[in-house]
>>> print(open('input.cif').read())   # mmCIF, C-alpha atoms and all ligand atoms
data_final
#
loop_
_atom_site.label_atom_id
_atom_site.label_comp_id
_atom_site.auth_asym_id
_atom_site.auth_seq_id
_atom_site.Cartn_x
_atom_site.Cartn_y
_atom_site.Cartn_z
CA MET A 1 85.68 12.03 17.46
CA LEU A 2 85.72 14.66 20.21
CA THR A 3 87.44 13.00 23.13
CA THR A 4 87.65 14.11 26.74
CA VAL A 5 90.30 13.08 29.24
CA ILE A 6 89.99 14.31 32.83
CA TYR A 7 92.63 13.65 35.46
CA ARG A 8 93.60 14.80 38.93
CA SER A 9 97.16 15.08 40.27
CA HIS A 10 99.26 16.42 43.14
CA ILE A 11 101.84 19.17 42.64
CA ALA A 12 105.42 18.05 43.40
CA ASP A 13 106.80 19.39 46.70
CA ASP A 14 109.78 21.09 45.06
CA VAL A 15 107.80 22.95 42.41
CA PRO A 16 107.28 26.66 43.11
CA ILE A 17 103.83 27.82 42.18
CA SER A 18 105.39 30.80 40.41
CA ILE A 19 106.34 28.57 37.45
CA LEU A 20 102.73 27.80 36.61
CA PRO A 21 101.91 30.81 34.38
CA GLY A 22 105.01 30.15 32.23
CA MET A 23 104.16 26.47 31.95
CA VAL A 24 100.62 27.30 30.92
CA GLY A 25 101.77 29.63 28.14
CA LYS A 26 103.85 26.90 26.52
CA ALA A 27 101.22 24.22 27.12
CA SER A 28 98.48 26.33 25.61
CA ALA A 29 100.41 26.76 22.37
CA LEU A 30 101.20 23.04 22.22
CA ASN A 31 97.56 22.17 22.82
CA ALA A 32 96.43 24.52 20.08
CA SER A 33 98.74 22.73 17.63
CA HIS A 34 96.85 19.49 18.45
CA HIS A 35 93.42 21.25 18.36
CA VAL A 36 93.15 20.47 22.07
CA THR A 37 91.39 22.86 24.45
CA GLY A 38 90.54 22.66 28.13
CA ILE A 39 90.96 24.06 31.59
CA LEU A 40 93.43 23.41 34.40
CA LEU A 41 92.14 23.95 37.94
CA PHE A 42 94.56 24.30 40.85
CA ASN A 43 93.65 24.44 44.54
CA GLY A 44 97.13 24.94 46.02
CA THR A 45 97.84 21.18 46.23
CA HIS A 46 95.96 19.40 43.48
CA PHE A 47 95.52 19.92 39.77
CA PHE A 48 92.37 18.96 37.90
CA GLN A 49 92.50 19.17 34.13
CA ILE A 50 89.98 18.70 31.36
CA LEU A 51 91.50 18.02 27.93
CA GLU A 52 89.20 17.99 24.91
CA GLY A 53 89.86 17.51 21.22
CA PRO A 54 90.51 14.88 18.58
CA GLU A 55 91.41 11.57 20.23
CA GLU A 56 94.95 11.43 18.85
CA GLY A 57 95.74 14.96 19.98
CA VAL A 58 94.27 14.54 23.46
CA LEU A 59 96.14 11.29 24.05
CA ALA A 60 99.43 12.74 22.79
CA VAL A 61 99.11 15.72 25.15
CA TYR A 62 98.04 13.51 28.06
CA GLU A 63 101.05 11.21 27.56
CA ARG A 64 103.38 14.22 27.87
CA ILE A 65 101.57 15.49 30.95
CA ARG A 66 101.81 12.06 32.63
CA ALA A 67 105.56 12.03 32.16
CA ASP A 68 105.98 15.45 33.81
CA ARG A 69 107.81 15.28 37.18
CA ARG A 70 106.24 18.54 38.35
CA HIS A 71 103.23 16.56 39.56
CA HIS A 72 102.54 13.03 40.79
CA ASN A 73 99.68 10.73 41.82
CA ILE A 74 98.09 11.34 38.44
CA VAL A 75 94.71 9.58 38.43
CA GLU A 76 92.70 9.41 35.23
CA LEU A 77 89.11 10.08 36.24
CA MET A 78 87.34 9.98 32.89
CA ARG A 79 88.01 9.13 29.24
CA ASP A 80 84.88 9.64 27.19
CA TYR A 81 83.35 11.16 24.05
CA ALA A 82 81.16 14.24 23.77
CA PRO A 83 79.22 16.18 21.13
CA SER A 84 80.86 19.53 21.89
CA ARG A 85 83.67 21.11 23.88
CA ARG A 86 82.96 22.20 27.44
CA PHE A 87 85.99 24.49 27.51
CA GLY A 88 86.66 25.47 23.91
CA ASN A 89 88.01 28.98 24.37
CA ALA A 90 91.67 28.34 25.03
CA GLY A 91 94.35 25.72 24.42
CA MET A 92 94.80 25.63 28.14
CA GLU A 93 93.67 28.04 30.79
CA LEU A 94 94.83 27.98 34.40
CA PHE A 95 92.17 28.68 36.99
CA ASP A 96 93.45 29.06 40.55
CA LEU A 97 90.54 28.28 42.86
CA ARG A 98 92.18 30.20 45.70
CA ASP A 99 91.73 33.50 43.86
CA HIS A 100 87.96 33.30 43.98
CA ASP A 101 85.19 33.63 46.48
CA ARG A 102 83.94 30.20 47.66
CA ALA A 103 80.28 31.05 47.23
CA SER A 104 80.60 31.88 43.53
CA LEU A 105 83.51 29.54 42.73
CA LEU A 106 81.64 26.96 40.65
CA GLN A 107 79.86 29.63 38.67
CA ALA A 108 83.17 31.42 38.05
CA VAL A 109 84.67 28.21 36.62
CA LEU A 110 81.60 27.46 34.53
CA ASP A 111 81.68 31.01 33.15
CA ARG A 112 84.97 30.11 31.47
CA GLY A 113 83.16 27.31 29.64
CA THR A 114 81.56 26.98 26.22
CA SER A 115 79.19 24.13 26.95
CA ARG A 116 75.62 25.00 25.99
CA TYR A 117 73.90 22.88 28.52
CA ARG A 118 76.34 23.22 31.40
CA LEU A 119 75.11 21.19 34.33
CA THR A 120 71.52 20.97 33.14
CA TYR A 121 71.71 17.43 31.86
CA ASP A 122 74.10 15.93 34.40
CA ASP A 123 77.08 15.90 32.06
CA ARG A 124 79.69 13.61 33.73
CA GLY A 125 82.61 15.82 32.79
CA LEU A 126 81.09 18.82 34.50
CA GLN A 127 80.01 16.72 37.47
CA PHE A 128 83.65 15.72 37.97
CA LEU A 129 84.57 19.37 37.79
CA ARG A 130 81.94 20.33 40.37
CA THR A 131 83.12 17.57 42.73
CA PHE A 132 86.68 18.87 42.51
CA VAL A 133 85.70 22.52 42.93
CA GLU A 134 83.56 21.68 45.97
CA ALA A 135 86.31 19.36 47.32
CA ARG A 136 83.74 16.62 47.90
CA GLU A 137 85.85 13.55 47.13
CA LYS A 138 88.97 14.34 49.09
CA GLU A 139 88.70 11.41 51.47
CA ASN A 140 89.21 9.16 48.44
CA TYR A 141 92.47 10.75 47.33
CA PHE A 142 94.96 8.14 48.49
CA GLU A 143 98.30 9.75 47.79
CA VAL A 144 100.89 7.04 47.33
CA PRO A 145 104.61 7.73 47.67
CA PRO A 146 106.77 6.89 44.63
CA ALA A 147 107.57 3.19 44.09
CA GLY A 148 111.21 3.82 45.01
CA SER A 149 110.18 4.70 48.59
CA TRP A 150 110.12 1.01 49.47
CA ASP A 151 112.67 -1.77 49.44
CA PHE A 152 111.42 -5.33 49.40
CA ILE A 153 113.76 -7.35 51.59
CA PRO A 154 113.57 -11.15 51.48
CA ASP A 155 112.86 -12.69 54.90
CA ARG A 156 116.00 -14.31 56.31
CA THR A 157 114.47 -16.01 59.34
CA GLY A 158 113.75 -19.17 57.37
CA GLU A 159 110.16 -19.03 58.65
CA ASN A 160 108.74 -17.56 55.49
CA ASP A 161 110.62 -19.41 52.81
CA LEU A 162 108.64 -20.12 49.67
CA GLN A 163 107.82 -23.80 49.38
CA PRO A 164 109.54 -25.37 46.39
CA ALA A 165 107.20 -26.86 43.82
CA GLY A 166 107.00 -30.56 44.34
CA HIS A 167 104.69 -33.47 43.52
CA GLY A 168 102.84 -31.31 40.99
CA VAL A 169 101.87 -28.59 43.49
CA VAL A 170 103.09 -25.04 44.01
CA PHE A 171 102.31 -22.94 47.08
CA HIS A 172 101.69 -19.22 46.76
CA PRO A 173 101.60 -17.25 50.02
CA VAL A 174 98.89 -14.76 50.91
CA ILE A 175 100.58 -12.10 52.97
CA ASP A 176 99.92 -9.13 55.21
CA PRO A 177 102.94 -7.02 54.19
CA LEU A 178 102.79 -4.40 56.96
CA GLY A 179 101.96 -6.97 59.64
CA ARG A 180 104.86 -9.06 58.24
CA LYS A 181 102.82 -12.26 58.31
CA VAL A 182 101.91 -14.98 55.89
CA THR A 183 98.14 -15.29 56.43
CA ALA A 184 97.36 -18.26 54.17
CA LEU A 185 98.89 -20.53 51.55
CA GLU A 186 97.35 -21.14 48.18
CA ALA A 187 98.06 -24.63 46.88
CA VAL A 188 97.92 -24.79 43.10
CA PRO A 189 98.18 -27.93 40.99
CA VAL A 190 100.76 -27.55 38.25
CA ASP A 191 98.53 -29.35 35.76
CA ARG A 192 95.11 -27.74 36.16
CA PRO A 193 92.59 -29.48 33.91
CA ASP A 194 91.81 -27.71 30.69
CA GLU A 195 88.43 -26.08 31.22
CA GLN A 196 87.61 -26.56 27.54
CA VAL A 197 87.60 -30.36 27.87
CA SER A 198 84.05 -31.67 27.67
CA GLU A 199 82.12 -32.56 30.78
CA PRO A 200 82.06 -34.60 32.94
CA GLY A 201 85.74 -35.45 32.38
CA VAL A 202 86.90 -31.95 33.25
CA HIS A 203 85.14 -32.01 36.62
CA ILE A 204 86.48 -35.41 37.59
CA ALA A 205 89.99 -34.25 36.62
CA ASP A 206 89.41 -31.03 38.60
CA LEU A 207 88.41 -32.89 41.75
CA ASN A 208 91.35 -35.29 41.36
CA ALA A 209 93.75 -32.36 41.04
CA VAL A 210 92.37 -30.90 44.28
CA ARG A 211 92.76 -34.26 46.01
CA ARG A 212 96.44 -34.38 45.01
CA VAL A 213 96.87 -30.81 46.25
CA LEU A 214 95.30 -31.66 49.61
CA VAL A 215 97.66 -34.61 50.10
CA GLN A 216 100.65 -32.32 49.51
CA ALA A 217 99.21 -29.54 51.67
CA GLY A 218 98.78 -32.00 54.52
CA LYS A 219 102.50 -32.82 54.33
CA THR A 220 103.74 -29.27 53.90
CA CYS A 221 101.44 -26.63 55.39
CA PRO A 222 101.74 -25.59 59.04
CA GLU A 223 98.63 -26.34 61.11
CA HIS A 224 97.85 -22.75 61.90
CA LEU A 225 97.68 -21.55 58.30
CA PRO A 226 94.55 -21.57 56.17
CA VAL A 227 95.04 -23.41 52.88
CA TYR A 228 93.43 -22.23 49.69
CA VAL A 229 92.54 -24.61 46.90
CA SER A 230 90.64 -23.67 43.75
CA LEU A 231 87.86 -25.66 42.19
CA LEU A 232 85.66 -25.16 39.14
CA PRO A 233 82.28 -24.21 40.66
CA MET A 234 80.31 -26.82 38.74
CA THR A 235 82.63 -29.62 39.93
CA LEU A 236 80.69 -29.43 43.19
CA VAL A 237 77.53 -30.26 41.26
CA ALA A 238 78.74 -32.38 38.35
CA VAL A 239 80.66 -34.95 40.39
CA PRO A 240 78.26 -36.90 42.58
CA ASP A 241 79.28 -36.70 46.22
CA ALA A 242 82.03 -34.14 45.49
CA VAL A 243 81.71 -32.46 48.89
CA ARG A 244 81.83 -35.76 50.76
CA ILE A 245 84.92 -36.81 48.75
CA LEU A 246 86.62 -33.51 49.62
CA ILE A 247 85.88 -33.85 53.33
CA GLU A 248 87.23 -37.40 53.32
CA GLU A 249 90.40 -36.29 51.51
CA ILE A 250 90.93 -33.44 53.98
CA ARG A 251 90.64 -35.86 56.88
CA GLN A 252 93.05 -38.34 55.31
CA ALA A 253 95.58 -35.57 54.67
CA ALA A 254 95.52 -34.80 58.42
CA LEU A 255 94.08 -31.35 57.75
CA VAL A 256 90.93 -29.95 59.34
CA PRO A 257 87.98 -28.67 57.28
CA GLU A 258 88.10 -25.27 59.02
CA GLN A 259 91.64 -24.85 57.67
CA ILE A 260 90.56 -25.27 54.04
CA ILE A 261 89.17 -22.55 51.85
CA ILE A 262 87.73 -23.58 48.54
CA GLY A 263 88.16 -20.86 45.94
CA LEU A 264 85.52 -20.77 43.24
CA SER A 265 86.12 -18.60 40.23
CA GLU A 266 83.46 -16.02 39.50
CA THR A 267 84.34 -16.14 35.82
CA GLN A 268 82.75 -19.57 35.45
CA VAL A 269 79.14 -19.50 34.41
CA ILE A 270 77.02 -21.46 36.86
CA PRO A 271 74.15 -23.05 34.92
CA ASP A 272 72.39 -24.73 37.84
CA VAL A 273 72.36 -22.18 40.62
CA ASP A 274 70.08 -24.19 42.94
CA ALA A 275 72.23 -27.33 42.82
CA PHE A 276 75.34 -25.18 43.24
CA SER A 277 73.89 -23.37 46.28
CA ALA A 278 73.00 -26.71 47.86
CA ALA A 279 76.62 -27.90 47.43
CA VAL A 280 77.89 -24.65 48.94
CA ARG A 281 75.63 -25.15 51.98
CA GLN A 282 77.08 -28.62 52.43
CA LEU A 283 80.63 -27.25 52.18
CA LYS A 284 79.93 -24.60 54.78
CA ALA A 285 78.13 -26.98 57.10
CA SER A 286 81.27 -29.12 57.15
CA GLY A 287 83.41 -26.15 58.24
CA ILE A 288 85.16 -25.59 54.92
CA GLY A 289 85.52 -21.90 54.05
CA LEU A 290 84.50 -20.39 50.73
CA SER A 291 86.20 -17.79 48.61
CA ILE A 292 84.90 -16.24 45.41
CA ASP A 293 87.93 -15.76 43.19
CA ASN A 294 88.51 -13.52 40.20
CA PHE A 295 85.94 -11.28 41.81
CA GLY A 296 84.72 -8.56 39.51
CA ASP A 297 85.78 -10.34 36.34
CA GLY A 298 82.76 -12.58 35.84
CA SER A 299 79.16 -12.12 34.97
CA ALA A 300 77.74 -12.15 38.49
CA GLY A 301 79.32 -8.99 39.95
CA LEU A 302 78.36 -7.76 43.37
CA SER A 303 74.96 -9.45 43.14
CA VAL A 304 76.62 -12.82 43.80
CA LEU A 305 76.99 -11.66 47.43
CA THR A 306 73.21 -11.53 47.81
CA ARG A 307 72.99 -15.25 47.06
CA ILE A 308 76.20 -16.74 48.41
CA GLN A 309 78.11 -15.26 51.27
CA PRO A 310 81.71 -16.32 51.04
CA ASP A 311 84.22 -15.93 53.86
CA ARG A 312 86.67 -14.31 51.48
CA ILE A 313 86.82 -12.81 48.05
CA ARG A 314 89.86 -12.47 45.87
CA ILE A 315 89.79 -9.43 43.64
CA ASP A 316 90.81 -10.15 40.11
CA SER A 317 94.25 -8.95 39.14
CA ALA A 318 92.85 -7.43 35.93
CA ILE A 319 90.96 -4.81 37.98
CA ILE A 320 93.90 -4.14 40.26
CA ARG A 321 96.47 -3.57 37.50
CA ASP A 322 97.68 0.05 37.75
CA ILE A 323 94.85 0.92 40.13
CA HIS A 324 96.81 3.94 41.38
CA LEU A 325 96.39 5.52 37.93
CA SER A 326 92.74 4.84 37.24
CA GLY A 327 89.67 6.51 38.76
CA PRO A 328 87.21 3.92 37.42
CA ARG A 329 89.24 1.01 38.88
CA GLN A 330 89.52 2.81 42.20
CA ALA A 331 85.76 3.41 42.33
CA VAL A 332 84.93 -0.23 41.56
CA VAL A 333 87.44 -1.64 44.05
CA GLN A 334 86.34 0.80 46.76
CA SER A 335 82.75 -0.33 46.34
CA ILE A 336 83.84 -3.99 46.59
CA ILE A 337 85.84 -3.21 49.75
CA ARG A 338 82.94 -1.30 51.33
CA CYS A 339 80.50 -4.06 50.51
CA CYS A 340 82.79 -6.78 51.90
CA SER A 341 83.45 -4.77 55.02
CA ALA A 342 79.70 -4.50 55.68
CA LEU A 343 79.42 -8.28 55.25
CA GLU A 344 82.62 -9.11 57.23
CA ILE A 345 84.13 -10.76 54.17
CA THR A 346 87.94 -10.74 53.98
CA VAL A 347 89.31 -9.18 50.80
CA ILE A 348 92.45 -10.48 49.12
CA ALA A 349 94.08 -8.53 46.34
CA ALA A 350 95.82 -10.89 43.91
CA GLY A 351 98.42 -10.34 41.22
CA ILE A 352 100.16 -7.33 42.80
CA ALA A 353 103.09 -6.48 40.58
CA CYS A 354 104.15 -2.99 41.64
CA ALA A 355 104.53 -1.05 44.88
CA GLU A 356 102.05 1.68 43.94
CA GLU A 357 99.25 -0.88 43.44
CA TRP A 358 99.96 -2.36 46.86
CA MET A 359 100.18 1.06 48.57
CA TRP A 360 96.95 2.30 47.06
CA LEU A 361 95.11 -0.85 48.17
CA GLU A 362 96.59 -0.65 51.69
CA ALA A 363 95.35 2.94 51.90
CA ALA A 364 91.90 1.73 50.80
CA GLY A 365 91.86 -0.84 53.61
CA VAL A 366 93.05 -4.11 52.03
CA ILE A 367 95.33 -6.17 54.29
CA ASN A 368 95.88 -9.44 52.40
CA PHE A 369 97.88 -9.61 49.19
CA GLN A 370 99.33 -12.01 46.68
CA GLY A 371 101.68 -11.29 43.84
CA SER A 372 105.16 -11.18 42.43
CA LEU A 373 105.96 -7.93 44.28
CA PHE A 374 106.37 -10.00 47.46
CA THR A 375 107.84 -13.18 46.01
CA ALA A 376 110.08 -11.97 43.21
CA ASN A 377 113.30 -13.62 44.38
CA GLY A 378 111.62 -17.05 44.40
CA THR A 379 113.08 -18.23 47.71
CA ALA A 380 111.42 -16.26 50.53
CA VAL A 381 108.65 -13.72 51.08
CA ALA A 382 109.98 -10.17 50.74
CA TRP A 383 108.74 -7.60 53.28
CA PRO A 384 108.46 -3.91 52.42
CA GLU A 385 110.78 -1.53 54.24
CA TYR A 386 110.31 2.20 53.97
CA ARG A 387 113.37 4.12 52.87
CA GLU A 388 114.14 7.16 54.91
CA ALA A 389 113.98 10.27 52.72
CA GLY A 390 117.32 11.55 51.53
C1 LIG A 401 99.53 19.97 35.88
C2 LIG A 401 100.15 20.08 34.52
C3 LIG A 401 99.37 20.28 33.39
C4 LIG A 401 99.92 20.36 32.13
N1 LIG A 401 99.12 20.55 31.05
C5 LIG A 401 99.65 20.60 29.81
C6 LIG A 401 98.84 20.73 28.66
O1 LIG A 401 97.63 20.86 28.73
N2 LIG A 401 99.45 20.73 27.46
C7 LIG A 401 100.79 20.60 27.31
O2 LIG A 401 101.26 20.60 26.17
N3 LIG A 401 101.57 20.50 28.39
C8 LIG A 401 101.05 20.49 29.62
N4 LIG A 401 101.86 20.36 30.71
C9 LIG A 401 103.30 20.37 30.51
C10 LIG A 401 103.75 19.10 29.89
O3 LIG A 401 103.90 18.15 30.92
C11 LIG A 401 105.08 19.28 29.14
O4 LIG A 401 106.04 19.83 29.99
C12 LIG A 401 104.87 20.16 27.94
O5 LIG A 401 103.93 19.57 27.08
C13 LIG A 401 106.18 20.41 27.16
O6 LIG A 401 106.71 19.22 26.71
P1 LIG A 401 108.25 18.97 26.90
O7 LIG A 401 108.50 19.08 28.39
O8 LIG A 401 108.46 17.60 26.34
O9 LIG A 401 108.92 20.06 26.15
C14 LIG A 401 101.32 20.27 31.99
C15 LIG A 401 102.12 20.04 33.11
C16 LIG A 401 101.54 19.95 34.37
C17 LIG A 401 102.43 19.71 35.56
#
>>> encode(input="input.cif", output="structure tokens")
Amino acid sequence: MLTTVIYRSHIADDVPISILPGMVGKASALNASHHVTGILLFNGTHFFQILEGPEEGVLAVYERIRADRRHHNIVELMRDYAPSRRFGNAGMELFDLRDHDRASLLQAVLDRGTSRYRLTYDDRGLQFLRTFVEAREKENYFEVPPAGSWDFIPDRTGENDLQPAGHGVVFHPVIDPLGRKVTALEAVPVDRPDEQVSEPGVHIADLNAVRRVLVQAGKTCPEHLPVYVSLLPMTLVAVPDAVRILIEEIRQAALVPEQIIIGLSETQVIPDVDAFSAAVRQLKASGIGLSIDNFGDGSAGLSVLTRIQPDRIRIDSAIIRDIHLSGPRQAVVQSIIRCCSALEITVIAAGIACAEEWMWLEAAGVINFQGSLFTANGTAVAWPEYREAG
């Protein structure tokens, strides 16, 4: 099947532009051997390349290109299928945008093409090309330095030690890495009830697990820190008086409702939305905060924010994984961030495993993070420190 991969990248600082024609000659021959064609645009800083051909060939070429140190911040913008090649003339042709007049630039690029319908029918591939040629998306190019630019140094003050697991509860910090602050603690029961167990047993077990967590949080968590606890959404409905029981438990644990944030997973289907909304109102009226967790991974999507307005959302780690490499993930997360900013909802990015993910999200405006990148040594939060070049 005719496959298209489109990516954008940034030329490496130490690469002289004079090497490009030689590189293109070799690349063109290699592409031809895979039946891959395409075009490479260059604007003096960024590359934009369309690769088209049989899926196996395109992916093999793209893998080699991704490993090439002569460019970085490689973001895959599109991977799709098409009926015909848009640029079928050459294995690979270099088009330097700086050599052309601005007014006729797009036309000059399109003239290299072989696509019959060009921009007539809003072809996505060509729309990406137009956006690059017209430099319309530049504010969204968050260039992240290589992962090795940061050291993660465990905090030695003793103030940000990770709490050891005890009494069936583990505490995961939510942190603001650049502000060097822990901004909340997530308290997680070690033995979460199995969601597959039939109702109502699973909801009673869920509420009991949260009660145990609250007791421990009351003993361990500093007063000034918000405490996160997760609950299955329908527990609020299925267990009679669940909200009242929670409030009572919070009081007995010497915590205050305003300190507690209940995290409800968006992945859970909510069969009785009216009863659920009523329970949420009760929660909020008592001062307890609400977070929608695993945001973006469930069925509800952004529309959930038109019905329930949480104080926080936690973006699912599945969307964040390798976000620095993926245009579609970046677009989805940017729309979530914009939407939450308009609604004054705090965004937390969970499951951060590598420095590039964290840096991209910081550049996009996220402040609160969770993940092994900041807790890898298991004893204290590790703060990022920028390494001086050289
Ligand atoms: C911006 C850019 C675009 C490239 N495009 C291609 C390409 O379309 N096809 C290709 O075979 N190599 C391309 N290369 C070069 C490859 O990364 C790689 O050097 C080349 O395939 C030769 O493989 P080798 O280095 O393993 O010998 C490109 C490199 C850069 C920096």
>>> residues_near_ligand(input="input.cif", ligand="ligand LIG 401 (chain A)", cutoff="6 Å", atoms="all atoms listed in the file", output="NGL selection string")
:A and (27-28 or 30-31 or 47 or 61 or 64-65 or 68 or 70-71 or 92)
>>> residues_around(input="input.cif", residues="segment 301-306 of chain A", least_positions_apart="4", cutoff="9 Å", atoms="all atoms listed in the file", output="ChimeraX atom specification")
/A:266,295-297,310,336,339-340,343
>>> write_last_selection(input="input.cif", atoms="C-alpha atoms", output="PDB file, in the frame of the given file")
ATOM      1  CA  GLU A 266      83.460 -16.020  39.500  1.00  0.00           C
ATOM      2  CA  PHE A 295      85.940 -11.280  41.810  1.00  0.00           C
ATOM      3  CA  GLY A 296      84.720  -8.560  39.510  1.00  0.00           C
ATOM      4  CA  ASP A 297      85.780 -10.340  36.340  1.00  0.00           C
ATOM      5  CA  PRO A 310      81.710 -16.320  51.040  1.00  0.00           C
ATOM      6  CA  ILE A 336      83.840  -3.990  46.590  1.00  0.00           C
ATOM      7  CA  CYS A 339      80.500  -4.060  50.510  1.00  0.00           C
ATOM      8  CA  CYS A 340      82.790  -6.780  51.900  1.00  0.00           C
ATOM      9  CA  LEU A 343      79.420  -8.280  55.250  1.00  0.00           C
TER      10      LEU A 343
END
>>> atom_distance(input="input.cif", atom1="atom CA of Gly287 of chain A", atom2="atom CA of Ile247 of chain A")
9.5 Å
>>> closest_residue(input="input.cif", among="A:Val347, A:Ile6, A:Val273, A:Val174", to="Phe132 of chain A", atoms="only C-alpha atoms")
A:Ile6
>>> residues_near_point(input="input.cif", point="(86.9, -36.3, 52.8)", cutoff="12 Å", atoms="only C-alpha atoms", output="PyMOL selection string")
chain A and resi 207+210-211+214-215+241-257+260+283+286+288
>>> residues_around(input="input.cif", residues="Trp383 of chain A", least_positions_apart="3", cutoff="12 Å", atoms="all atoms listed in the file", output="ChimeraX atom specification")
/A:150-157,160-161,175-182,355,369,372-377,380,386
>>> write_last_selection(input="input.cif", atoms="C-alpha atoms", output="compact mmCIF listing (two decimals), keeping the file's coordinate frame")
# COMPACT_ATOMS: atom_id res chain seq x y z
CA TRP A 150 110.12 1.01 49.47
CA ASP A 151 112.67 -1.77 49.44
CA PHE A 152 111.42 -5.33 49.40
CA ILE A 153 113.76 -7.35 51.59
CA PRO A 154 113.57 -11.15 51.48
CA ASP A 155 112.86 -12.69 54.90
CA ARG A 156 116.00 -14.31 56.31
CA THR A 157 114.47 -16.01 59.34
CA ASN A 160 108.74 -17.56 55.49
CA ASP A 161 110.62 -19.41 52.81
CA ILE A 175 100.58 -12.10 52.97
CA ASP A 176 99.92 -9.13 55.21
CA PRO A 177 102.94 -7.02 54.19
CA LEU A 178 102.79 -4.40 56.96
CA GLY A 179 101.96 -6.97 59.64
CA ARG A 180 104.86 -9.06 58.24
CA LYS A 181 102.82 -12.26 58.31
CA VAL A 182 101.91 -14.98 55.89
CA ALA A 355 104.53 -1.05 44.88
CA PHE A 369 97.88 -9.61 49.19
CA SER A 372 105.16 -11.18 42.43
CA LEU A 373 105.96 -7.93 44.28
CA PHE A 374 106.37 -10.00 47.46
CA THR A 375 107.84 -13.18 46.01
CA ALA A 376 110.08 -11.97 43.21
CA ASN A 377 113.30 -13.62 44.38
CA ALA A 380 111.42 -16.26 50.53
CA TYR A 386 110.31 2.20 53.97
>>> atom_distance(input="input.cif", atom1="atom CA of Pro164 of chain A", atom2="atom CA of Thr379 of chain A")
8.1 Å
>>> atom_distance(input="input.cif", atom1="atom CA of Ala217 of chain A", atom2="atom CA of Gly371 of chain A")
20.0 Å
>>> residues_near_point(input="input.cif", point="(97.9, 8.5, 35.5)", cutoff="8 Å", atoms="all atoms listed in the file", output="PDB file with C-alpha atoms, in the frame of the given file")
ATOM      1  CA  TYR A   7      92.630  13.650  35.460  1.00  0.00           C
ATOM      2  CA  ARG A  66     101.810  12.060  32.630  1.00  0.00           C
ATOM      3  CA  ASN A  73      99.680  10.730  41.820  1.00  0.00           C
ATOM      4  CA  ILE A  74      98.090  11.340  38.440  1.00  0.00           C
ATOM      5  CA  VAL A  75      94.710   9.580  38.430  1.00  0.00           C
ATOM      6  CA  GLU A  76      92.700   9.410  35.230  1.00  0.00           C
ATOM      7  CA  HIS A 324      96.810   3.940  41.380  1.00  0.00           C
ATOM      8  CA  LEU A 325      96.390   5.520  37.930  1.00  0.00           C
ATOM      9  CA  SER A 326      92.740   4.840  37.240  1.00  0.00           C
TER      10      SER A 326
END
>>> closest_residue(input="input.cif", among="A:Val170, A:Ile39, A:Ala318, A:Val109", to="Ala353 of chain A", atoms="all atoms listed in the file")
A:Ala318
>>> residues_around(input="input.cif", residues="Trp360 of chain A", least_positions_apart="5", cutoff="8 Å", atoms="all atoms listed in the file", output="number ranges by chain")
A: 142-144, 323-324
>>> closest_residue(input="input.cif", among="A:Gln259, A:Ile337, A:Gly168, A:Ala184", to="Gln216 of chain A", atoms="only C-alpha atoms")
A:Gly168
>>> closest_residue(input="input.cif", among="A:Asp274, A:Asp122, A:Glu159, A:Glu186", to="Ile308 of chain A", atoms="all atoms listed in the file")
A:Asp274
>>> closest_residue(input="input.cif", among="A:His34, A:Gly378, A:Tyr228, A:Val332", to="Ala60 of chain A", atoms="only C-alpha atoms")
A:His34
>>> residues_around(input="input.cif", residues="Glu93 of chain A", least_positions_apart="2", cutoff="12 Å", atoms="all atoms listed in the file", output="VMD selection string")
chain A and resid 20 to 29 31 to 32 36 to 42 48 to 51 87 to 91 95 to 96 109 112 to 113
>>> closest_residue(input="input.cif", among="A:Leu105, A:Val190, A:Ala147, A:Ile315", to="Glu356 of chain A", atoms="only C-alpha atoms")
A:Ala147
